[in-house]
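Heads up, the thing below is written out as structure tokens.
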Amino acid sequence: MINFLKTRAHIFISGRVQGVFFRETAKKKADRFGVSGWVKNLKDGRVEAVLEGDEEKVGSLVKWAKRGPFFAKVNNLEFFKEDYKGEFSSFEIRYDL
């Protein structure tokens with residue numbers, strides 16, 4: 001059995017990323033990739049997400065976030081690698097603006 005390295009990424013995405021189904025699409029991708037964590041809109045127009053899981057799968061979700069869904073226009077993605085905590089059992093959309 002292959003033992004994948006676990007990782008955690010904290011990302012902030014800016015551009016036209018709200019009102020374009022970014023969070024909903026991110027959840028679908030995370031569920032497909034087996035990545036846990038959360039995503040939410042920020043008051044300043046950015047999207048924030050914390051991603052945990054296998055390094056390769058988290059990397060795939062970050063790569064997707066650099067483009068976003070069809071109607072998004074991502075101008076910038078800030079990436080912060082953090083210590084893996086294993087604190088999430090699923091991926092959720094947060095609505096705490």
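Just so we're on the same page: first chain in the structure tokens is A, next is B, and so on; residues restart at 1 for each chain, and ligands are numbered from 1 in the order they show up.
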
Could the residues of segment 43-94 of chain A that have an atom at most 6 Å from segment 12-19 of chain A be listed as JSON lines, each with its closest atom pair and the distance in Å to one decimal, counting only C-alpha atoms and ordered by chain and ascending residue number?
```
{"residue": "A:Arg46", "atom": "CA", "partner": "A:Ser14", "partner_atom": "CA", "distance": 4.7}
{"residue": "A:Val47", "atom": "CA", "partner": "A:Ile13", "partner_atom": "CA", "distance": 5.1}
{"residue": "A:Glu48", "atom": "CA", "partner": "A:Phe12", "partner_atom": "CA", "distance": 4.5}
{"residue": "A:Ala72", "atom": "CA", "partner": "A:Arg16", "partner_atom": "CA", "distance": 5.3}
{"residue": "A:Lys73", "atom": "CA", "partner": "A:Arg16", "partner_atom": "CA", "distance": 4.9}
{"residue": "A:Val74", "atom": "CA", "partner": "A:Gly15", "partner_atom": "CA", "distance": 4.7}
{"residue": "A:Asn75", "atom": "CA", "partner": "A:Gly15", "partner_atom": "CA", "distance": 4.7}
{"residue": "A:Asn76", "atom": "CA", "partner": "A:Ser14", "partner_atom": "CA", "distance": 5.3}
{"residue": "A:Leu77", "atom": "CA", "partner": "A:Ile13", "partner_atom": "CA", "distance": 4.5}
{"residue": "A:Glu78", "atom": "CA", "partner": "A:Phe12", "partner_atom": "CA", "distance": 5.1}
```

Next item on the list: Excluding Asp54 of chain A and residues on its chain fewer than 4 positions from it, collect all residues at most 12 Å away from it, counting only C-alpha atoms, and give them as a ChimeraX atom specification.
Entry: /A:2-9,30,33-36,58-61,84,86

For C-alpha atoms, I'd like the residues from the last selection saved as a CSV table (one decimal), in the first residue's frame.
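Resulting contents of again05.csv:
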```
chain,number,residue,atom,x,y,z
A,2,ILE,CA,1.3,3.5,-0.9
A,3,ASN,CA,1.6,5.9,2.0
A,4,PHE,CA,0.9,9.4,0.7
A,5,LEU,CA,2.3,12.4,2.5
A,6,LYS,CA,-0.4,14.5,4.2
A,7,THR,CA,-0.4,18.3,3.9
A,8,ARG,CA,-2.4,21.4,4.6
A,9,ALA,CA,-2.7,24.5,2.5
A,30,ALA,CA,-12.5,18.6,-3.1
A,33,PHE,CA,-10.2,14.5,-5.0
A,34,GLY,CA,-10.8,13.4,-1.4
A,35,VAL,CA,-9.6,16.7,0.1
A,36,SER,CA,-11.1,17.9,3.4
A,58,VAL,CA,-4.3,19.0,-2.3
A,59,GLY,CA,-1.9,20.1,-5.1
A,60,SER,CA,-4.5,19.2,-7.7
A,61,LEU,CA,-7.1,21.3,-6.0
A,84,TYR,CA,-1.2,19.0,8.7
A,86,GLY,CA,-6.2,16.2,10.3
```

Notebook entry, point to check: In Å, with one decimal, what is the gap from atom CA of Phe22 of chain A to atom CA of Glu82 of chain A?
Noted result: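 Distance between the two atoms: 22.6 Å.
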
Next item on the list: Would you list the contacts of Val50 of chain A as number ranges by chain, taking every protein, DNA or RNA residue within 6 Å and counting only C-alpha atoms, but skipping same-chain residues closer than 5 positions in sequence?
Entry: A: 9-10, 37-38

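Using only C-alpha atoms, the smallest distance between any of A:Lys81, A:Lys63, A:Lys57, A:Arg94 and Arg32 of chain A comes from A:Lys57.
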
Check: In Å, with one decimal, what is the gap from atom CA of Val20 of chain A to atom CA of Phe71 of chain A?
Finding: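 Atom-to-atom, atom CA of Val20 of chain A and atom CA of Phe71 of chain A are spaced 5.6 Å apart.
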
Next item on the list: Please return as a VMD selection string: the residues of segment 16-56 of chain A that backbone DSSP assigns to strand (DSSP E).
Entry: chain A and resid 16 36 to 41 47 to 54

Take the residues that were just selected and, keeping C-alpha atoms, output them as a PDB file, in the first residue's frame.
```pdb
ATOM      1  CA  ARG A  16     -13.610  37.731 -10.122  1.00  0.00           C
ATOM      2  CA  SER A  36     -11.090  17.930   3.395  1.00  0.00           C
ATOM      3  CA  GLY A  37     -11.335  21.461   4.800  1.00  0.00           C
ATOM      4  CA  TRP A  38     -13.448  24.482   3.970  1.00  0.00           C
ATOM      5  CA  VAL A  39     -13.963  27.419   1.608  1.00  0.00           C
ATOM      6  CA  LYS A  40     -15.640  30.791   2.163  1.00  0.00           C
ATOM      7  CA  ASN A  41     -16.104  34.250   0.671  1.00  0.00           C
ATOM      8  CA  VAL A  47     -12.170  33.552  -1.472  1.00  0.00           C
ATOM      9  CA  GLU A  48     -10.326  31.797   1.365  1.00  0.00           C
ATOM     10  CA  ALA A  49      -9.848  28.055   1.735  1.00  0.00           C
ATOM     11  CA  VAL A  50      -8.065  25.572   3.983  1.00  0.00           C
ATOM     12  CA  LEU A  51      -7.294  22.243   2.317  1.00  0.00           C
ATOM     13  CA  GLU A  52      -6.046  19.034   3.945  1.00  0.00           C
ATOM     14  CA  GLY A  53      -5.244  15.654   2.505  1.00  0.00           C
ATOM     15  CA  ASP A  54      -2.759  13.764   0.372  1.00  0.00           C
TER      16      ASP A  54
END
```

Notebook entry, point to check: Could you pull out the alpha helix (DSSP H) residues of segment 21-97 of chain A from DSSP and send them as a ChimeraX atom specification?
Noted result: /A:22-33,55-65

Could you write out that same residue set with C-alpha atoms as a compact mmCIF listing (two decimals), in the first residue's frame?
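The file below, result_29.txt, is the result:
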```
# COMPACT_ATOMS: atom_id res chain seq x y z
CA PHE A 22 -16.32 29.26 -6.96
CA ARG A 23 -17.19 27.78 -3.55
CA GLU A 24 -19.69 25.27 -4.91
CA THR A 25 -17.29 24.09 -7.60
CA ALA A 26 -14.40 23.94 -5.10
CA LYS A 27 -16.52 21.67 -2.88
CA LYS A 28 -17.31 19.35 -5.80
CA LYS A 29 -13.62 19.18 -6.75
CA ALA A 30 -12.54 18.62 -3.12
CA ASP A 31 -15.07 15.82 -2.72
CA ARG A 32 -13.87 14.24 -5.97
CA PHE A 33 -10.20 14.54 -4.95
CA GLU A 55 -0.12 16.15 -0.94
CA GLU A 56 -0.82 15.27 -4.58
CA LYS A 57 -4.59 15.73 -4.21
CA VAL A 58 -4.28 19.03 -2.34
CA GLY A 59 -1.89 20.14 -5.09
CA SER A 60 -4.48 19.24 -7.72
CA LEU A 61 -7.12 21.34 -5.96
CA VAL A 62 -4.73 24.30 -5.62
CA LYS A 63 -3.91 23.99 -9.33
CA TRP A 64 -7.63 24.07 -10.13
CA ALA A 65 -8.11 27.12 -7.84
```

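Of the listed residues A:Asp44, A:Asp96, A:Ser89, A:Phe21, the one whose atoms come nearest to Phe70 of chain A is A:Phe21, with distances taken using only C-alpha atoms.
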
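Distances from A:Asp83, A:Lys66, A:Tyr95, A:Phe88 to Lys43 of chain A were compared using only C-alpha atoms, and the smallest one belongs to A:Tyr95.
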